[in-house]
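Everything on this sheet refers to the single structure shown next.
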Amino acid sequence: MSDPADSAESDADGTPSEPTGESDASTDAATSEDRSVGTSAATVEELDEELVEETVGELRRLDPRVRLYWVASRLFGGVFLAGLVALGFQFAGPEFGLVETPGGLPFGFAGRTVLVGVAVFLVFGGIAALHAVLYYRSWRYEVREDSLYLTRGVFTRVQTVAPYVRVQHIDARRGPVERVLGLSTLVVYTAGSRGADVTVPGLTDDRADELQTALKRLAIESEEEDAV
């Protein structure tokens with residue numbers, strides 16, 4: 001039989017005793033946590049490198065097809081405006097001797113009424129096309145490390161800086177005309193701002209998805225840094 005004193009003396013001399021399991025469990029937990037942190041850091045580092053290469057720090061234009069989208073959107077309003085002017089000319093024209101009623105066209109409209117409506121539509125369409133070209137030339141956006149920067153405007157130049165730390169959520173919107181043209185609009189909602197917040201139109205579908213992912217990652221990172 002072994003003497004208990006010998007056992008105590010053996011432990012005192014530094015002879016390893018039987019494992020209890022508690023130390024191994026804590027070691028495994030620490031190792032697992034280190035691996036998790038290391039994997040997360042590697043993933044963020046790879047994403048940061050991708051964002052720096054693809055989006056961050058580069059001033060970009062919109063897709064040229066957005067000019068067609070802007071013109072088409074304004075032409076709907078042009079049709080409505082031309083119709084109102086034609087109706088006003090039809091009903092007010094007889095008092096000034098500008099048109100005879102009833103006219104020879106259906107519903108009693110006169111030929112001059114149609115000409116006035118067409119002229120208003122063409123003038124409005126020309127102005128809309130010119131504005132779309134000038135507005136496109138003024139539009140720039142830049143994904144910075146800490147904020148989204150936008151500049152645009154024909155007569156009044158507007159510059160917007162949206163810090164990522166204030167971003168709440170990001171939507172990719174595709175209307176009927178945009179779907180036909182293969183375009184998307186990115187809407188960035190920020191805390192404490194008014195209206196639809198920051199809007200980036202004229203993006204291809206792939207570009208909008210990529211930018212949405214990038215801004216989401218940058219917003220999360222900014223929030224974590226701000227919390228620290």
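Numbering starts fresh at 1 for the residues of each chain in the structure tokens, the chains themselves are lettered A, B, ... in the order given, and ligands are numbered from 1 as they appear.
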Taking the DSSP assignment computed from this structure's backbone, write out as a PyMOL selection string all residues of region 51-99 of chain A that belong to alpha helix (DSSP H). chain A and resi 51-54+66-92
Dump of N, CA and C atoms for the selected residues, as a short mmCIF file (atom, residue, chain, number, x, y, z; two decimals), in the first residue's frame:
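File written: selection-v8.cif
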```cif
data_model
loop_
_atom_site.label_atom_id
_atom_site.label_comp_id
_atom_site.auth_asym_id
_atom_site.auth_seq_id
_atom_site.Cartn_x
_atom_site.Cartn_y
_atom_site.Cartn_z
N LEU A 51 -12.42 46.60 -50.56
CA LEU A 51 -13.09 47.89 -50.63
C LEU A 51 -12.14 48.99 -51.06
N VAL A 52 -10.90 48.95 -50.56
CA VAL A 52 -9.92 49.96 -50.93
C VAL A 52 -9.63 49.88 -52.42
N GLU A 53 -9.58 48.67 -52.92
CA GLU A 53 -9.27 48.50 -54.34
C GLU A 53 -10.45 48.89 -55.23
N GLU A 54 -11.67 48.60 -54.77
CA GLU A 54 -12.82 48.75 -55.64
C GLU A 54 -13.57 50.07 -55.43
N VAL A 66 -28.42 56.94 -66.87
CA VAL A 66 -29.29 57.68 -65.96
C VAL A 66 -29.86 58.93 -66.61
N ARG A 67 -29.17 59.46 -67.63
CA ARG A 67 -29.69 60.63 -68.35
C ARG A 67 -31.01 60.29 -69.03
N LEU A 68 -31.11 59.10 -69.61
CA LEU A 68 -32.37 58.67 -70.22
C LEU A 68 -33.46 58.52 -69.17
N TYR A 69 -33.09 58.02 -68.02
CA TYR A 69 -34.06 57.85 -66.94
C TYR A 69 -34.60 59.20 -66.48
N TRP A 70 -33.70 60.18 -66.31
CA TRP A 70 -34.14 61.51 -65.89
C TRP A 70 -35.04 62.16 -66.94
N VAL A 71 -34.66 62.04 -68.22
CA VAL A 71 -35.48 62.62 -69.28
C VAL A 71 -36.85 61.95 -69.33
N ALA A 72 -36.87 60.62 -69.27
CA ALA A 72 -38.14 59.89 -69.31
C ALA A 72 -39.04 60.28 -68.14
N SER A 73 -38.44 60.42 -66.95
CA SER A 73 -39.23 60.80 -65.77
C SER A 73 -39.83 62.19 -65.93
N ARG A 74 -39.06 63.10 -66.50
CA ARG A 74 -39.57 64.46 -66.68
C ARG A 74 -40.59 64.56 -67.81
N LEU A 75 -40.49 63.69 -68.80
CA LEU A 75 -41.42 63.75 -69.91
C LEU A 75 -42.84 63.38 -69.48
N PHE A 76 -42.96 62.54 -68.46
CA PHE A 76 -44.30 62.25 -67.94
C PHE A 76 -44.94 63.53 -67.42
N GLY A 77 -44.15 64.33 -66.72
CA GLY A 77 -44.65 65.62 -66.27
C GLY A 77 -44.89 66.57 -67.43
N GLY A 78 -44.07 66.45 -68.50
CA GLY A 78 -44.26 67.27 -69.68
C GLY A 78 -45.58 67.00 -70.38
N VAL A 79 -45.97 65.72 -70.44
CA VAL A 79 -47.26 65.37 -71.04
C VAL A 79 -48.40 65.99 -70.25
N PHE A 80 -48.31 65.91 -68.93
CA PHE A 80 -49.36 66.49 -68.08
C PHE A 80 -49.42 68.00 -68.25
N LEU A 81 -48.25 68.66 -68.29
CA LEU A 81 -48.21 70.11 -68.45
C LEU A 81 -48.75 70.54 -69.82
N ALA A 82 -48.37 69.81 -70.87
CA ALA A 82 -48.84 70.14 -72.21
C ALA A 82 -50.36 69.99 -72.30
N GLY A 83 -50.90 68.97 -71.64
CA GLY A 83 -52.35 68.78 -71.63
C GLY A 83 -53.07 69.93 -70.94
N LEU A 84 -52.53 70.39 -69.82
CA LEU A 84 -53.17 71.51 -69.11
C LEU A 84 -53.13 72.79 -69.94
N VAL A 85 -51.97 73.06 -70.58
CA VAL A 85 -51.86 74.27 -71.40
C VAL A 85 -52.81 74.20 -72.59
N ALA A 86 -52.92 73.02 -73.21
CA ALA A 86 -53.81 72.87 -74.37
C ALA A 86 -55.26 73.07 -73.97
N LEU A 87 -55.65 72.53 -72.82
CA LEU A 87 -57.03 72.72 -72.36
C LEU A 87 -57.31 74.19 -72.06
N GLY A 88 -56.34 74.84 -71.41
CA GLY A 88 -56.53 76.26 -71.13
C GLY A 88 -56.63 77.08 -72.40
N PHE A 89 -55.82 76.74 -73.41
CA PHE A 89 -55.88 77.45 -74.68
C PHE A 89 -57.20 77.19 -75.39
N GLN A 90 -57.70 75.97 -75.28
CA GLN A 90 -58.95 75.63 -75.95
C GLN A 90 -60.13 76.40 -75.37
N PHE A 91 -60.16 76.53 -74.05
CA PHE A 91 -61.32 77.18 -73.42
C PHE A 91 -61.16 78.70 -73.33
N ALA A 92 -59.94 79.20 -73.24
CA ALA A 92 -59.74 80.65 -73.14
C ALA A 92 -59.49 81.29 -74.50
#
```
Could you pull the residues within 6 Å of Thr151 (chain A), counting only C-alpha atoms, minus those fewer than 4 positions along the same chain, as a VMD selection string? chain A and resid 139 to 140 158 to 159
Pick out the closest residue to Tyr164 (chain A) from this set: A:Ala208, A:Ala219, A:Tyr141, A:Asp63. Count only C-alpha atoms. A:Ala219
Pick out the closest residue to Val177 (chain A) from this set: A:Val161, A:Val120, A:Gly202, A:Tyr136. Count only C-alpha atoms. A:Gly202
Return the single residue from A:Ala162, A:Ala191, A:Arg112, A:Phe121 that is closest to Glu142 (chain A), with distances computed using only C-alpha atoms. A:Ala162
So the first atom is CA of Val188 (chain A) and the second is CA of Ala128 (chain A); what is the distance between them in Å, to one decimal place?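 Between these atoms lies a distance of 26.4 Å.
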Write out as a list of chain:residue names which residues come within 8 Å of region 173-175 of chain A when counting only C-alpha atoms, dropping same-chain ones fewer than 4 positions away.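 Neighbouring residues, sequence-local ones excluded: A:Arg179, A:Leu183, A:Ser184, A:Thr185, A:Leu186, A:Val187.
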